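With PDB, C-alpha atoms inside, this is coords-v8.pdb:
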```
ATOM      1  CA  MET T   5     -10.647 -25.557 -12.926  1.00  0.00           C
ATOM      2  CA  ARG T   6     -14.281 -26.465 -13.514  1.00  0.00           C
ATOM      3  CA  ASN T   7     -13.415 -29.082 -16.140  1.00  0.00           C
ATOM      4  CA  HIS T   8     -11.004 -30.922 -13.819  1.00  0.00           C
ATOM      5  CA  ARG T   9     -13.201 -31.087 -10.708  1.00  0.00           C
ATOM      6  CA  PRO T  10     -13.527 -34.704  -9.492  1.00  0.00           C
ATOM      7  CA  LYS T  11     -17.014 -36.133  -9.099  1.00  0.00           C
ATOM      8  CA  CYS T  12     -16.890 -36.370  -5.317  1.00  0.00           C
ATOM      9  CA  GLU T  13     -20.554 -37.031  -4.751  1.00  0.00           C
ATOM     10  CA  HIS T  14     -20.014 -40.770  -5.378  1.00  0.00           C
ATOM     11  CA  ASN T  15     -16.881 -41.165  -3.303  1.00  0.00           C
ATOM     12  CA  LEU T  16     -16.841 -39.879   0.295  1.00  0.00           C
ATOM     13  CA  LEU T  17     -13.155 -40.685   0.760  1.00  0.00           C
ATOM     14  CA  LEU T  18     -12.264 -38.689  -2.335  1.00  0.00           C
ATOM     15  CA  CYS T  19     -14.314 -35.771  -1.007  1.00  0.00           C
ATOM     16  CA  VAL T  20     -12.320 -35.787   2.229  1.00  0.00           C
ATOM     17  CA  LEU T  21      -8.999 -35.969   0.366  1.00  0.00           C
ATOM     18  CA  CYS T  22     -10.028 -33.105  -1.922  1.00  0.00           C
ATOM     19  CA  ALA T  23     -10.979 -30.950   1.054  1.00  0.00           C
ATOM     20  CA  LEU T  24      -7.710 -31.661   2.878  1.00  0.00           C
ATOM     21  CA  SER T  25      -5.703 -30.925  -0.261  1.00  0.00           C
ATOM     22  CA  ALA T  26      -7.486 -27.589  -0.743  1.00  0.00           C
ATOM     23  CA  LEU T  27      -6.929 -26.705   2.916  1.00  0.00           C
ATOM     24  CA  SER T  28      -3.222 -27.540   2.637  1.00  0.00           C
ATOM     25  CA  ALA T  29      -2.856 -25.339  -0.438  1.00  0.00           C
ATOM     26  CA  PHE T  30      -4.684 -22.484   1.271  1.00  0.00           C
ATOM     27  CA  THR T  31      -2.599 -22.853   4.438  1.00  0.00           C
ATOM     28  CA  SER T  32       0.689 -22.787   2.512  1.00  0.00           C
ATOM     29  CA  SER T  33      -0.237 -19.682   0.509  1.00  0.00           C
ATOM     30  CA  ALA T  34      -1.707 -17.894   3.534  1.00  0.00           C
ATOM     31  CA  PHE T  35       1.541 -18.295   5.495  1.00  0.00           C
ATOM     32  CA  ALA T  36       3.791 -17.013   2.679  1.00  0.00           C
ATOM     33  CA  GLU T  37       3.803 -13.417   3.952  1.00  0.00           C
ATOM     34  CA  LEU T  38       4.045 -11.664   7.316  1.00  0.00           C
ATOM     35  CA  ARG T  39       0.908 -12.469   9.292  1.00  0.00           C
ATOM     36  CA  LEU T  40      -0.239 -12.575  12.915  1.00  0.00           C
ATOM     37  CA  ALA T  41      -2.546 -15.125  14.479  1.00  0.00           C
ATOM     38  CA  ALA T  42      -6.089 -13.697  14.602  1.00  0.00           C
ATOM     39  CA  VAL T  43      -6.015 -13.363  18.391  1.00  0.00           C
ATOM     40  CA  PHE T  44      -3.484 -10.526  17.977  1.00  0.00           C
ATOM     41  CA  GLY T  45      -5.208  -7.493  16.529  1.00  0.00           C
ATOM     42  CA  ASP T  46      -6.711  -4.063  17.113  1.00  0.00           C
ATOM     43  CA  HIS T  47      -8.631  -3.713  20.412  1.00  0.00           C
ATOM     44  CA  MET T  48      -6.983  -6.765  22.006  1.00  0.00           C
ATOM     45  CA  VAL T  49      -6.038  -7.063  25.668  1.00  0.00           C
ATOM     46  CA  LEU T  50      -2.627  -8.375  26.768  1.00  0.00           C
ATOM     47  CA  GLN T  51      -2.066  -9.870  30.217  1.00  0.00           C
ATOM     48  CA  GLN T  52      -0.467  -7.373  32.575  1.00  0.00           C
ATOM     49  CA  GLN T  53       2.948  -7.930  34.213  1.00  0.00           C
ATOM     50  CA  ALA T  54       3.620 -10.967  32.031  1.00  0.00           C
ATOM     51  CA  ARG T  55       5.824 -12.356  29.310  1.00  0.00           C
ATOM     52  CA  ALA T  56       3.132 -12.447  26.653  1.00  0.00           C
ATOM     53  CA  PRO T  57       3.733 -14.688  23.615  1.00  0.00           C
ATOM     54  CA  VAL T  58       2.948 -13.225  20.196  1.00  0.00           C
ATOM     55  CA  TRP T  59       3.157 -15.464  17.127  1.00  0.00           C
ATOM     56  CA  GLY T  60       2.436 -15.683  13.449  1.00  0.00           C
ATOM     57  CA  TRP T  61       3.832 -16.692  10.055  1.00  0.00           C
ATOM     58  CA  ALA T  62       6.165 -15.326   7.412  1.00  0.00           C
ATOM     59  CA  ASP T  63       8.495 -16.595   4.708  1.00  0.00           C
ATOM     60  CA  PRO T  64      10.966 -19.204   6.045  1.00  0.00           C
ATOM     61  CA  GLY T  65      14.054 -17.515   7.484  1.00  0.00           C
ATOM     62  CA  GLN T  66      12.475 -14.059   7.358  1.00  0.00           C
ATOM     63  CA  ASN T  67      13.615 -11.545  10.009  1.00  0.00           C
ATOM     64  CA  ILE T  68      10.803 -10.009  12.085  1.00  0.00           C
ATOM     65  CA  GLU T  69      10.828  -7.443  14.869  1.00  0.00           C
ATOM     66  CA  ILE T  70       8.231  -6.136  17.293  1.00  0.00           C
ATOM     67  CA  GLU T  71       8.164  -2.621  18.674  1.00  0.00           C
ATOM     68  CA  THR T  72       5.810  -1.393  21.415  1.00  0.00           C
ATOM     69  CA  ASP T  73       5.188   2.067  22.812  1.00  0.00           C
ATOM     70  CA  TRP T  74       6.150   0.894  26.324  1.00  0.00           C
ATOM     71  CA  LEU T  75       9.519  -0.792  25.655  1.00  0.00           C
ATOM     72  CA  ASP T  76      12.742   1.054  24.833  1.00  0.00           C
ATOM     73  CA  ALA T  77      13.991  -1.518  22.336  1.00  0.00           C
ATOM     74  CA  THR T  78      12.607  -3.682  19.531  1.00  0.00           C
ATOM     75  CA  ILE T  79      12.430  -7.473  19.909  1.00  0.00           C
ATOM     76  CA  PRO T  80      13.815  -9.500  16.976  1.00  0.00           C
ATOM     77  CA  VAL T  81      12.994 -13.025  15.841  1.00  0.00           C
ATOM     78  CA  LYS T  82      13.488 -15.142  12.708  1.00  0.00           C
ATOM     79  CA  ALA T  83      10.847 -17.356  11.102  1.00  0.00           C
ATOM     80  CA  ASP T  84      11.736 -21.040  11.171  1.00  0.00           C
ATOM     81  CA  ALA T  85      11.974 -23.429   8.224  1.00  0.00           C
ATOM     82  CA  LYS T  86       8.158 -23.700   8.099  1.00  0.00           C
ATOM     83  CA  GLY T  87       7.629 -19.944   8.305  1.00  0.00           C
ATOM     84  CA  ARG T  88       6.494 -19.962  11.937  1.00  0.00           C
ATOM     85  CA  TRP T  89       7.712 -17.362  14.441  1.00  0.00           C
ATOM     86  CA  ARG T  90       7.059 -16.537  18.087  1.00  0.00           C
ATOM     87  CA  ILE T  91       8.159 -13.591  20.228  1.00  0.00           C
ATOM     88  CA  ILE T  92       7.880 -12.988  23.993  1.00  0.00           C
ATOM     89  CA  VAL T  93       6.747  -9.434  24.835  1.00  0.00           C
ATOM     90  CA  PRO T  94       7.130  -8.188  28.445  1.00  0.00           C
ATOM     91  CA  THR T  95       4.019  -6.238  29.470  1.00  0.00           C
ATOM     92  CA  PRO T  96       3.628  -3.376  31.987  1.00  0.00           C
ATOM     93  CA  ASP T  97       1.051  -2.844  34.732  1.00  0.00           C
ATOM     94  CA  ALA T  98      -2.627  -2.728  33.781  1.00  0.00           C
ATOM     95  CA  SER T  99      -3.689   0.551  32.221  1.00  0.00           C
ATOM     96  CA  HIS T 100      -6.678   2.074  30.463  1.00  0.00           C
ATOM     97  CA  GLU T 101      -4.319   3.953  28.145  1.00  0.00           C
ATOM     98  CA  PRO T 102      -4.587   2.659  24.559  1.00  0.00           C
ATOM     99  CA  ARG T 103      -1.268   1.194  23.420  1.00  0.00           C
ATOM    100  CA  THR T 104       0.250   0.513  20.000  1.00  0.00           C
ATOM    101  CA  ILE T 105       2.332  -2.416  18.757  1.00  0.00           C
ATOM    102  CA  TRP T 106       4.224  -2.571  15.456  1.00  0.00           C
ATOM    103  CA  VAL T 107       5.279  -5.823  13.784  1.00  0.00           C
ATOM    104  CA  ARG T 108       7.753  -5.343  10.930  1.00  0.00           C
ATOM    105  CA  SER T 109       9.614  -7.372   8.366  1.00  0.00           C
ATOM    106  CA  GLY T 110      11.505  -5.532   5.658  1.00  0.00           C
ATOM    107  CA  GLU T 111       9.159  -2.928   4.206  1.00  0.00           C
ATOM    108  CA  VAL T 112       6.043  -4.641   5.565  1.00  0.00           C
ATOM    109  CA  GLU T 113       4.538  -3.280   8.791  1.00  0.00           C
ATOM    110  CA  ILE T 114       1.487  -4.388  10.774  1.00  0.00           C
ATOM    111  CA  GLU T 115       0.219  -1.829  13.286  1.00  0.00           C
ATOM    112  CA  LEU T 116      -1.972  -2.993  16.183  1.00  0.00           C
ATOM    113  CA  ARG T 117      -3.989  -0.101  17.596  1.00  0.00           C
ATOM    114  CA  ASP T 118      -6.060   0.441  20.741  1.00  0.00           C
ATOM    115  CA  VAL T 119      -4.316  -2.370  22.629  1.00  0.00           C
ATOM    116  CA  LEU T 120      -5.080  -2.485  26.361  1.00  0.00           C
ATOM    117  CA  ILE T 121      -3.079  -4.076  29.186  1.00  0.00           C
ATOM    118  CA  GLY T 122      -5.141  -5.851  31.850  1.00  0.00           C
ATOM    119  CA  GLU T 123      -6.488  -9.293  32.735  1.00  0.00           C
ATOM    120  CA  VAL T 124      -7.120 -11.916  30.040  1.00  0.00           C
ATOM    121  CA  TRP T 125      -9.343 -14.964  30.599  1.00  0.00           C
ATOM    122  CA  VAL T 126     -10.072 -17.960  28.387  1.00  0.00           C
ATOM    123  CA  CYS T 127     -13.716 -18.987  28.952  1.00  0.00           C
ATOM    124  CA  SER T 128     -14.247 -22.502  27.674  1.00  0.00           C
ATOM    125  CA  GLY T 129     -16.895 -25.168  28.066  1.00  0.00           C
ATOM    126  CA  GLN T 130     -19.985 -26.712  26.545  1.00  0.00           C
ATOM    127  CA  SER T 131     -23.664 -25.848  27.046  1.00  0.00           C
ATOM    128  CA  ASN T 132     -23.271 -23.627  30.125  1.00  0.00           C
ATOM    129  CA  MET T 133     -20.498 -21.513  28.614  1.00  0.00           C
ATOM    130  CA  GLU T 134     -22.285 -21.309  25.244  1.00  0.00           C
ATOM    131  CA  PHE T 135     -25.456 -19.892  26.846  1.00  0.00           C
ATOM    132  CA  THR T 136     -25.584 -16.358  25.427  1.00  0.00           C
ATOM    133  CA  VAL T 137     -26.508 -13.036  26.997  1.00  0.00           C
ATOM    134  CA  THR T 138     -29.557 -12.926  24.707  1.00  0.00           C
ATOM    135  CA  GLU T 139     -30.769 -16.177  26.307  1.00  0.00           C
ATOM    136  CA  SER T 140     -30.212 -15.012  29.903  1.00  0.00           C
ATOM    137  CA  LEU T 141     -32.709 -13.596  32.413  1.00  0.00           C
ATOM    138  CA  ASN T 142     -33.773 -10.004  31.572  1.00  0.00           C
ATOM    139  CA  PRO T 143     -31.466  -9.921  28.529  1.00  0.00           C
ATOM    140  CA  GLN T 144     -32.502  -6.558  27.117  1.00  0.00           C
ATOM    141  CA  ARG T 145     -31.669  -4.807  30.381  1.00  0.00           C
ATOM    142  CA  ASP T 146     -28.155  -6.256  30.407  1.00  0.00           C
ATOM    143  CA  ILE T 147     -27.618  -5.706  26.688  1.00  0.00           C
ATOM    144  CA  ASP T 148     -28.652  -2.052  26.900  1.00  0.00           C
ATOM    145  CA  ALA T 149     -26.315  -1.548  29.894  1.00  0.00           C
ATOM    146  CA  ALA T 150     -23.323  -3.303  28.278  1.00  0.00           C
ATOM    147  CA  ARG T 151     -21.350  -0.122  27.670  1.00  0.00           C
ATOM    148  CA  TYR T 152     -17.895  -1.248  28.795  1.00  0.00           C
ATOM    149  CA  PRO T 153     -15.345  -0.215  26.151  1.00  0.00           C
ATOM    150  CA  ASP T 154     -12.483  -1.569  28.292  1.00  0.00           C
ATOM    151  CA  ILE T 155     -13.978  -5.075  28.281  1.00  0.00           C
ATOM    152  CA  ARG T 156     -12.882  -6.701  25.038  1.00  0.00           C
ATOM    153  CA  LEU T 157     -14.494  -9.778  23.468  1.00  0.00           C
ATOM    154  CA  PHE T 158     -12.954 -12.467  21.257  1.00  0.00           C
ATOM    155  CA  HIS T 159     -15.329 -15.235  20.133  1.00  0.00           C
ATOM    156  CA  VAL T 160     -13.842 -18.385  18.588  1.00  0.00           C
ATOM    157  CA  PRO T 161     -16.453 -19.723  16.144  1.00  0.00           C
ATOM    158  CA  LYS T 162     -17.181 -23.424  15.757  1.00  0.00           C
ATOM    159  CA  ARG T 163     -15.407 -24.903  12.761  1.00  0.00           C
ATOM    160  CA  PRO T 164     -15.521 -28.693  12.303  1.00  0.00           C
ATOM    161  CA  ALA T 165     -12.183 -29.979  11.007  1.00  0.00           C
ATOM    162  CA  GLY T 166     -10.414 -33.294  10.608  1.00  0.00           C
ATOM    163  CA  ARG T 167      -7.176 -32.011  12.105  1.00  0.00           C
ATOM    164  CA  PRO T 168      -5.954 -29.213  14.415  1.00  0.00           C
ATOM    165  CA  GLN T 169      -6.252 -25.749  12.882  1.00  0.00           C
ATOM    166  CA  HIS T 170      -3.499 -23.135  12.826  1.00  0.00           C
ATOM    167  CA  ASP T 171      -5.799 -20.145  13.300  1.00  0.00           C
ATOM    168  CA  VAL T 172      -9.378 -18.954  13.715  1.00  0.00           C
ATOM    169  CA  ASN T 173     -11.607 -16.499  11.858  1.00  0.00           C
ATOM    170  CA  SER T 174     -12.395 -13.892  14.492  1.00  0.00           C
ATOM    171  CA  ARG T 175     -11.367 -10.497  15.851  1.00  0.00           C
ATOM    172  CA  TRP T 176     -11.428  -8.504  19.090  1.00  0.00           C
ATOM    173  CA  GLN T 177     -14.401  -6.210  19.713  1.00  0.00           C
ATOM    174  CA  PRO T 178     -15.081  -3.717  22.522  1.00  0.00           C
ATOM    175  CA  CYS T 179     -18.075  -4.673  24.654  1.00  0.00           C
ATOM    176  CA  SER T 180     -21.193  -2.740  23.650  1.00  0.00           C
ATOM    177  CA  PRO T 181     -24.952  -3.324  23.221  1.00  0.00           C
ATOM    178  CA  GLN T 182     -24.178  -4.187  19.586  1.00  0.00           C
ATOM    179  CA  THR T 183     -21.549  -6.860  20.360  1.00  0.00           C
ATOM    180  CA  ILE T 184     -22.596  -8.547  23.613  1.00  0.00           C
ATOM    181  CA  GLY T 185     -25.892 -10.266  22.717  1.00  0.00           C
ATOM    182  CA  ASP T 186     -24.412 -13.419  21.153  1.00  0.00           C
ATOM    183  CA  PHE T 187     -21.471 -13.645  23.562  1.00  0.00           C
ATOM    184  CA  SER T 188     -21.312 -16.142  26.436  1.00  0.00           C
ATOM    185  CA  ALA T 189     -23.425 -14.933  29.373  1.00  0.00           C
ATOM    186  CA  VAL T 190     -21.198 -16.694  31.937  1.00  0.00           C
ATOM    187  CA  ALA T 191     -18.073 -15.139  30.444  1.00  0.00           C
ATOM    188  CA  TYR T 192     -19.610 -11.667  30.228  1.00  0.00           C
ATOM    189  CA  PHE T 193     -21.033 -11.531  33.759  1.00  0.00           C
ATOM    190  CA  PHE T 194     -17.747 -12.900  35.130  1.00  0.00           C
ATOM    191  CA  GLY T 195     -15.709 -10.372  33.151  1.00  0.00           C
ATOM    192  CA  ARG T 196     -18.008  -7.493  34.097  1.00  0.00           C
ATOM    193  CA  HIS T 197     -17.642  -8.359  37.787  1.00  0.00           C
ATOM    194  CA  LEU T 198     -13.842  -8.456  37.515  1.00  0.00           C
ATOM    195  CA  HIS T 199     -13.804  -5.165  35.616  1.00  0.00           C
ATOM    196  CA  GLN T 200     -15.926  -3.448  38.264  1.00  0.00           C
ATOM    197  CA  GLU T 201     -14.010  -4.952  41.204  1.00  0.00           C
ATOM    198  CA  LEU T 202     -10.445  -4.590  39.884  1.00  0.00           C
ATOM    199  CA  GLY T 203     -10.873  -1.463  37.774  1.00  0.00           C
ATOM    200  CA  VAL T 204      -8.670  -2.820  34.961  1.00  0.00           C
ATOM    201  CA  PRO T 205      -9.299  -3.754  31.305  1.00  0.00           C
ATOM    202  CA  ILE T 206     -10.595  -7.289  30.813  1.00  0.00           C
ATOM    203  CA  GLY T 207     -10.089  -9.511  27.787  1.00  0.00           C
ATOM    204  CA  LEU T 208     -12.504 -12.422  27.367  1.00  0.00           C
ATOM    205  CA  ILE T 209     -11.740 -15.241  24.907  1.00  0.00           C
ATOM    206  CA  GLU T 210     -14.781 -17.487  24.429  1.00  0.00           C
TER     207      GLU T 210
END
```
Structure rendered as structure tokens:
Amino acid sequence: MRNHRPKCEHNLLLCVLCALSALSAFTSSAFAELRLAAVFGDHMVLQQQARAPVWGWADPGQNIEIETDWLDATIPVKADAKGRWRIIVPTPDASHEPRTIWVRSGEVEIELRDVLIGEVWVCSGQSNMEFTVTESLNPQRDIDAARYPDIRLFHVPKRPAGRPQHDVNSRWQPCSPQTIGDFSAVAYFFGRHLHQELGVPIGLIE
């Protein structure tokens, strides 16, 4: 590979084309087996009393099914010609009880553990929403007190790209003094208030 690398430093357009080609190759190979979008994983929160969409990728035409520990039957779906699939999962009332979801295709199984059912909020914006807990007033006090295992955090990192991306590189984390410092202060204080007032699990997607 090293001998065939183009000399991109003298041609910006060629650099861009090389990058897009590499991304396309990575995307195709990454979607060739059963996979969930990153927002579906251990410790996630699903919206209560809803028809929650769950999606991912597999081989084209592959049969997939989802099983949960709160539904009596599995939910089947088939990947389309591009390997994309999407399932609607009915969710129960909010609960602090950890739930489990299984996604299967043939002999391959993905198990999602410690899933909570509650309220899920997407917290989006520019400078105000990006202001972190570490940068807020009296940050150490709030960081030390951030022991809310039923508040779950999902941070979408910045990733400049020339076209829309299929997925993100992130994962759900329970709220703790170790995880809250770099999270959005607005999102956290909002989610903490809801958690205390409603008494249900809260999922925050920043």
Practice item. Within 8 Å of stretch 64-79 of chain T, counting all atoms listed in the file, which residues show up once you throw out same-chain ones fewer than 4 positions away? Write them as a PyMOL selection string, please. Key: chain T and resi 83-88+91+93+96+103-110
Let me know the residues the PyMOL selection byres ((chain T and resi 101) around 9) catches in the file above, as an mmCIF file with C-alpha atoms, in the frame of the given file.
```
data_model
loop_
_atom_site.group_PDB
_atom_site.id
_atom_site.type_symbol
_atom_site.label_atom_id
_atom_site.label_comp_id
_atom_site.auth_asym_id
_atom_site.auth_seq_id
_atom_site.Cartn_x
_atom_site.Cartn_y
_atom_site.Cartn_z
ATOM 1 C CA ALA T 98 -2.627 -2.728 33.781
ATOM 2 C CA SER T 99 -3.689 0.551 32.221
ATOM 3 C CA HIS T 100 -6.678 2.074 30.463
ATOM 4 C CA PRO T 102 -4.587 2.659 24.559
ATOM 5 C CA ARG T 103 -1.268 1.194 23.420
ATOM 6 C CA ASP T 118 -6.060 0.441 20.741
ATOM 7 C CA VAL T 119 -4.316 -2.370 22.629
ATOM 8 C CA LEU T 120 -5.080 -2.485 26.361
ATOM 9 C CA ILE T 121 -3.079 -4.076 29.186
#
```
Practice item. Can you turn the PyMOL selection byres ((chain T and resi 133-146) around 9) into a concrete residue list for this file, as a ChimeraX atom specification? Key: /T:127-132,147-150,181,184-193,210
Check your understanding: Do you know which residues the PyMOL selection byres ((chain T and resi 123-126) around 6) returns on this file, as a PyMOL selection string?
Key -> chain T and resi 51+122+127+206-209
Exercise for review: Determine, counting all atoms listed in the file, which protein, DNA and RNA residues have an atom within 7 Å of an atom of T:Ala56; residues of the same chain fewer than 6 positions away are not included. Present the result as a PyMOL selection string.
Suggested key: chain T and resi 92-95
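Comparing the minimum interatomic distances between T:Gln52 and each of T:Asp97, T:Trp89, T:Gln200, T:Gly195, counting all atoms listed in the file, we find that T:Asp97 sits nearest.
From atom CA of T:Trp59 back to atom CA of T:Arg39, the distance works out to 8.7 Å.
Relative to atom CA of T:Pro205, atom CA of T:Val160 is found at 19.9 Å.
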Review point. So, counting all atoms listed in the file, which residue among T:Leu198, T:Val112, T:Leu157, T:Ala41 is closest to T:Pro178?
Key: T:Leu157
If I put a ball of radius 7 Å at (-3.4, -6.6, 18.1) in the file's coordinates, which residues poke into it when counting only C-alpha atoms, written as a CSV table (one decimal) with C-alpha atoms, in the frame of the given file?
```csv
chain,number,residue,atom,x,y,z
T,44,PHE,CA,-3.5,-10.5,18.0
T,45,GLY,CA,-5.2,-7.5,16.5
T,46,ASP,CA,-6.7,-4.1,17.1
T,47,HIS,CA,-8.6,-3.7,20.4
T,48,MET,CA,-7.0,-6.8,22.0
T,116,LEU,CA,-2.0,-3.0,16.2
T,117,ARG,CA,-4.0,-0.1,17.6
T,119,VAL,CA,-4.3,-2.4,22.6
```
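The closest residue to T:Val49, picked from T:His170, T:Arg156, T:Arg196, T:Lys162 and counting only C-alpha atoms, is T:Arg156.
Here atom CA of T:His199 is placed at a distance of 17.2 Å from atom CA of T:Thr183.
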Using the partial input, fill out stretch 52-71 of chain T with N, CA, C and O atoms; write the result as an mmCIF file, in the frame of the given file.
```cif
data_model
loop_
_atom_site.group_PDB
_atom_site.id
_atom_site.type_symbol
_atom_site.label_atom_id
_atom_site.label_comp_id
_atom_site.auth_asym_id
_atom_site.auth_seq_id
_atom_site.Cartn_x
_atom_site.Cartn_y
_atom_site.Cartn_z
ATOM 1 N N GLN T 52 -1.378 -8.294 31.913
ATOM 2 C CA GLN T 52 -0.467 -7.373 32.575
ATOM 3 C C GLN T 52 0.669 -8.120 33.291
ATOM 4 O O GLN T 52 0.535 -9.278 33.668
ATOM 5 N N GLN T 53 1.792 -7.429 33.458
ATOM 6 C CA GLN T 53 2.948 -7.930 34.213
ATOM 7 C C GLN T 53 3.290 -9.367 33.816
ATOM 8 O O GLN T 53 3.442 -10.254 34.655
ATOM 9 N N ALA T 54 3.410 -9.602 32.525
ATOM 10 C CA ALA T 54 3.620 -10.967 32.031
ATOM 11 C C ALA T 54 4.626 -10.958 30.891
ATOM 12 O O ALA T 54 5.038 -9.896 30.399
ATOM 13 N N ARG T 55 5.030 -12.160 30.520
ATOM 14 C CA ARG T 55 5.824 -12.356 29.310
ATOM 15 C C ARG T 55 4.869 -12.935 28.274
ATOM 16 O O ARG T 55 4.693 -14.149 28.183
ATOM 17 N N ALA T 56 4.221 -12.047 27.545
ATOM 18 C CA ALA T 56 3.132 -12.447 26.653
ATOM 19 C C ALA T 56 3.683 -12.974 25.328
ATOM 20 O O ALA T 56 4.457 -12.278 24.656
ATOM 21 N N PRO T 57 3.299 -14.178 24.914
ATOM 22 C CA PRO T 57 3.733 -14.688 23.615
ATOM 23 C C PRO T 57 2.917 -14.070 22.484
ATOM 24 O O PRO T 57 1.706 -13.907 22.590
ATOM 25 N N VAL T 58 3.591 -13.717 21.420
ATOM 26 C CA VAL T 58 2.948 -13.225 20.196
ATOM 27 C C VAL T 58 3.519 -14.060 19.059
ATOM 28 O O VAL T 58 4.739 -14.232 18.969
ATOM 29 N N TRP T 59 2.658 -14.580 18.185
ATOM 30 C CA TRP T 59 3.157 -15.464 17.127
ATOM 31 C C TRP T 59 2.429 -15.239 15.810
ATOM 32 O O TRP T 59 1.381 -14.602 15.761
ATOM 33 N N GLY T 60 3.032 -15.804 14.773
ATOM 34 C CA GLY T 60 2.436 -15.683 13.449
ATOM 35 C C GLY T 60 3.246 -16.452 12.433
ATOM 36 O O GLY T 60 3.941 -17.418 12.764
ATOM 37 N N TRP T 61 3.191 -15.997 11.170
ATOM 38 C CA TRP T 61 3.832 -16.692 10.055
ATOM 39 C C TRP T 61 4.483 -15.680 9.114
ATOM 40 O O TRP T 61 4.084 -14.521 9.063
ATOM 41 N N ALA T 62 5.467 -16.146 8.403
ATOM 42 C CA ALA T 62 6.165 -15.326 7.412
ATOM 43 C C ALA T 62 6.889 -16.281 6.467
ATOM 44 O O ALA T 62 6.751 -17.496 6.574
ATOM 45 N N ASP T 63 7.667 -15.742 5.548
ATOM 46 C CA ASP T 63 8.495 -16.595 4.708
ATOM 47 C C ASP T 63 9.555 -17.284 5.563
ATOM 48 O O ASP T 63 10.068 -16.681 6.518
ATOM 49 N N PRO T 64 9.914 -18.516 5.278
ATOM 50 C CA PRO T 64 10.966 -19.204 6.045
ATOM 51 C C PRO T 64 12.251 -18.372 6.098
ATOM 52 O O PRO T 64 12.696 -17.827 5.088
ATOM 53 N N GLY T 65 12.812 -18.256 7.309
ATOM 54 C CA GLY T 65 14.054 -17.515 7.484
ATOM 55 C C GLY T 65 13.910 -16.013 7.517
ATOM 56 O O GLY T 65 14.906 -15.287 7.658
ATOM 57 N N GLN T 66 12.692 -15.512 7.402
ATOM 58 C CA GLN T 66 12.475 -14.059 7.358
ATOM 59 C C GLN T 66 12.727 -13.446 8.731
ATOM 60 O O GLN T 66 12.355 -14.001 9.764
ATOM 61 N N ASN T 67 13.369 -12.269 8.760
ATOM 62 C CA ASN T 67 13.615 -11.545 10.009
ATOM 63 C C ASN T 67 12.409 -10.675 10.351
ATOM 64 O O ASN T 67 11.895 -9.951 9.496
ATOM 65 N N ILE T 68 11.970 -10.761 11.606
ATOM 66 C CA ILE T 68 10.803 -10.009 12.085
ATOM 67 C C ILE T 68 11.212 -9.284 13.362
ATOM 68 O O ILE T 68 12.060 -9.775 14.119
ATOM 69 N N GLU T 69 10.614 -8.130 13.602
ATOM 70 C CA GLU T 69 10.828 -7.443 14.869
ATOM 71 C C GLU T 69 9.523 -6.836 15.347
ATOM 72 O O GLU T 69 8.651 -6.483 14.552
ATOM 73 N N ILE T 70 9.399 -6.766 16.671
ATOM 74 C CA ILE T 70 8.231 -6.136 17.293
ATOM 75 C C ILE T 70 8.684 -4.915 18.077
ATOM 76 O O ILE T 70 9.684 -4.968 18.809
ATOM 77 N N GLU T 71 7.945 -3.841 17.898
ATOM 78 C CA GLU T 71 8.164 -2.621 18.674
ATOM 79 C C GLU T 71 6.872 -2.277 19.400
ATOM 80 O O GLU T 71 5.783 -2.414 18.829
#
```
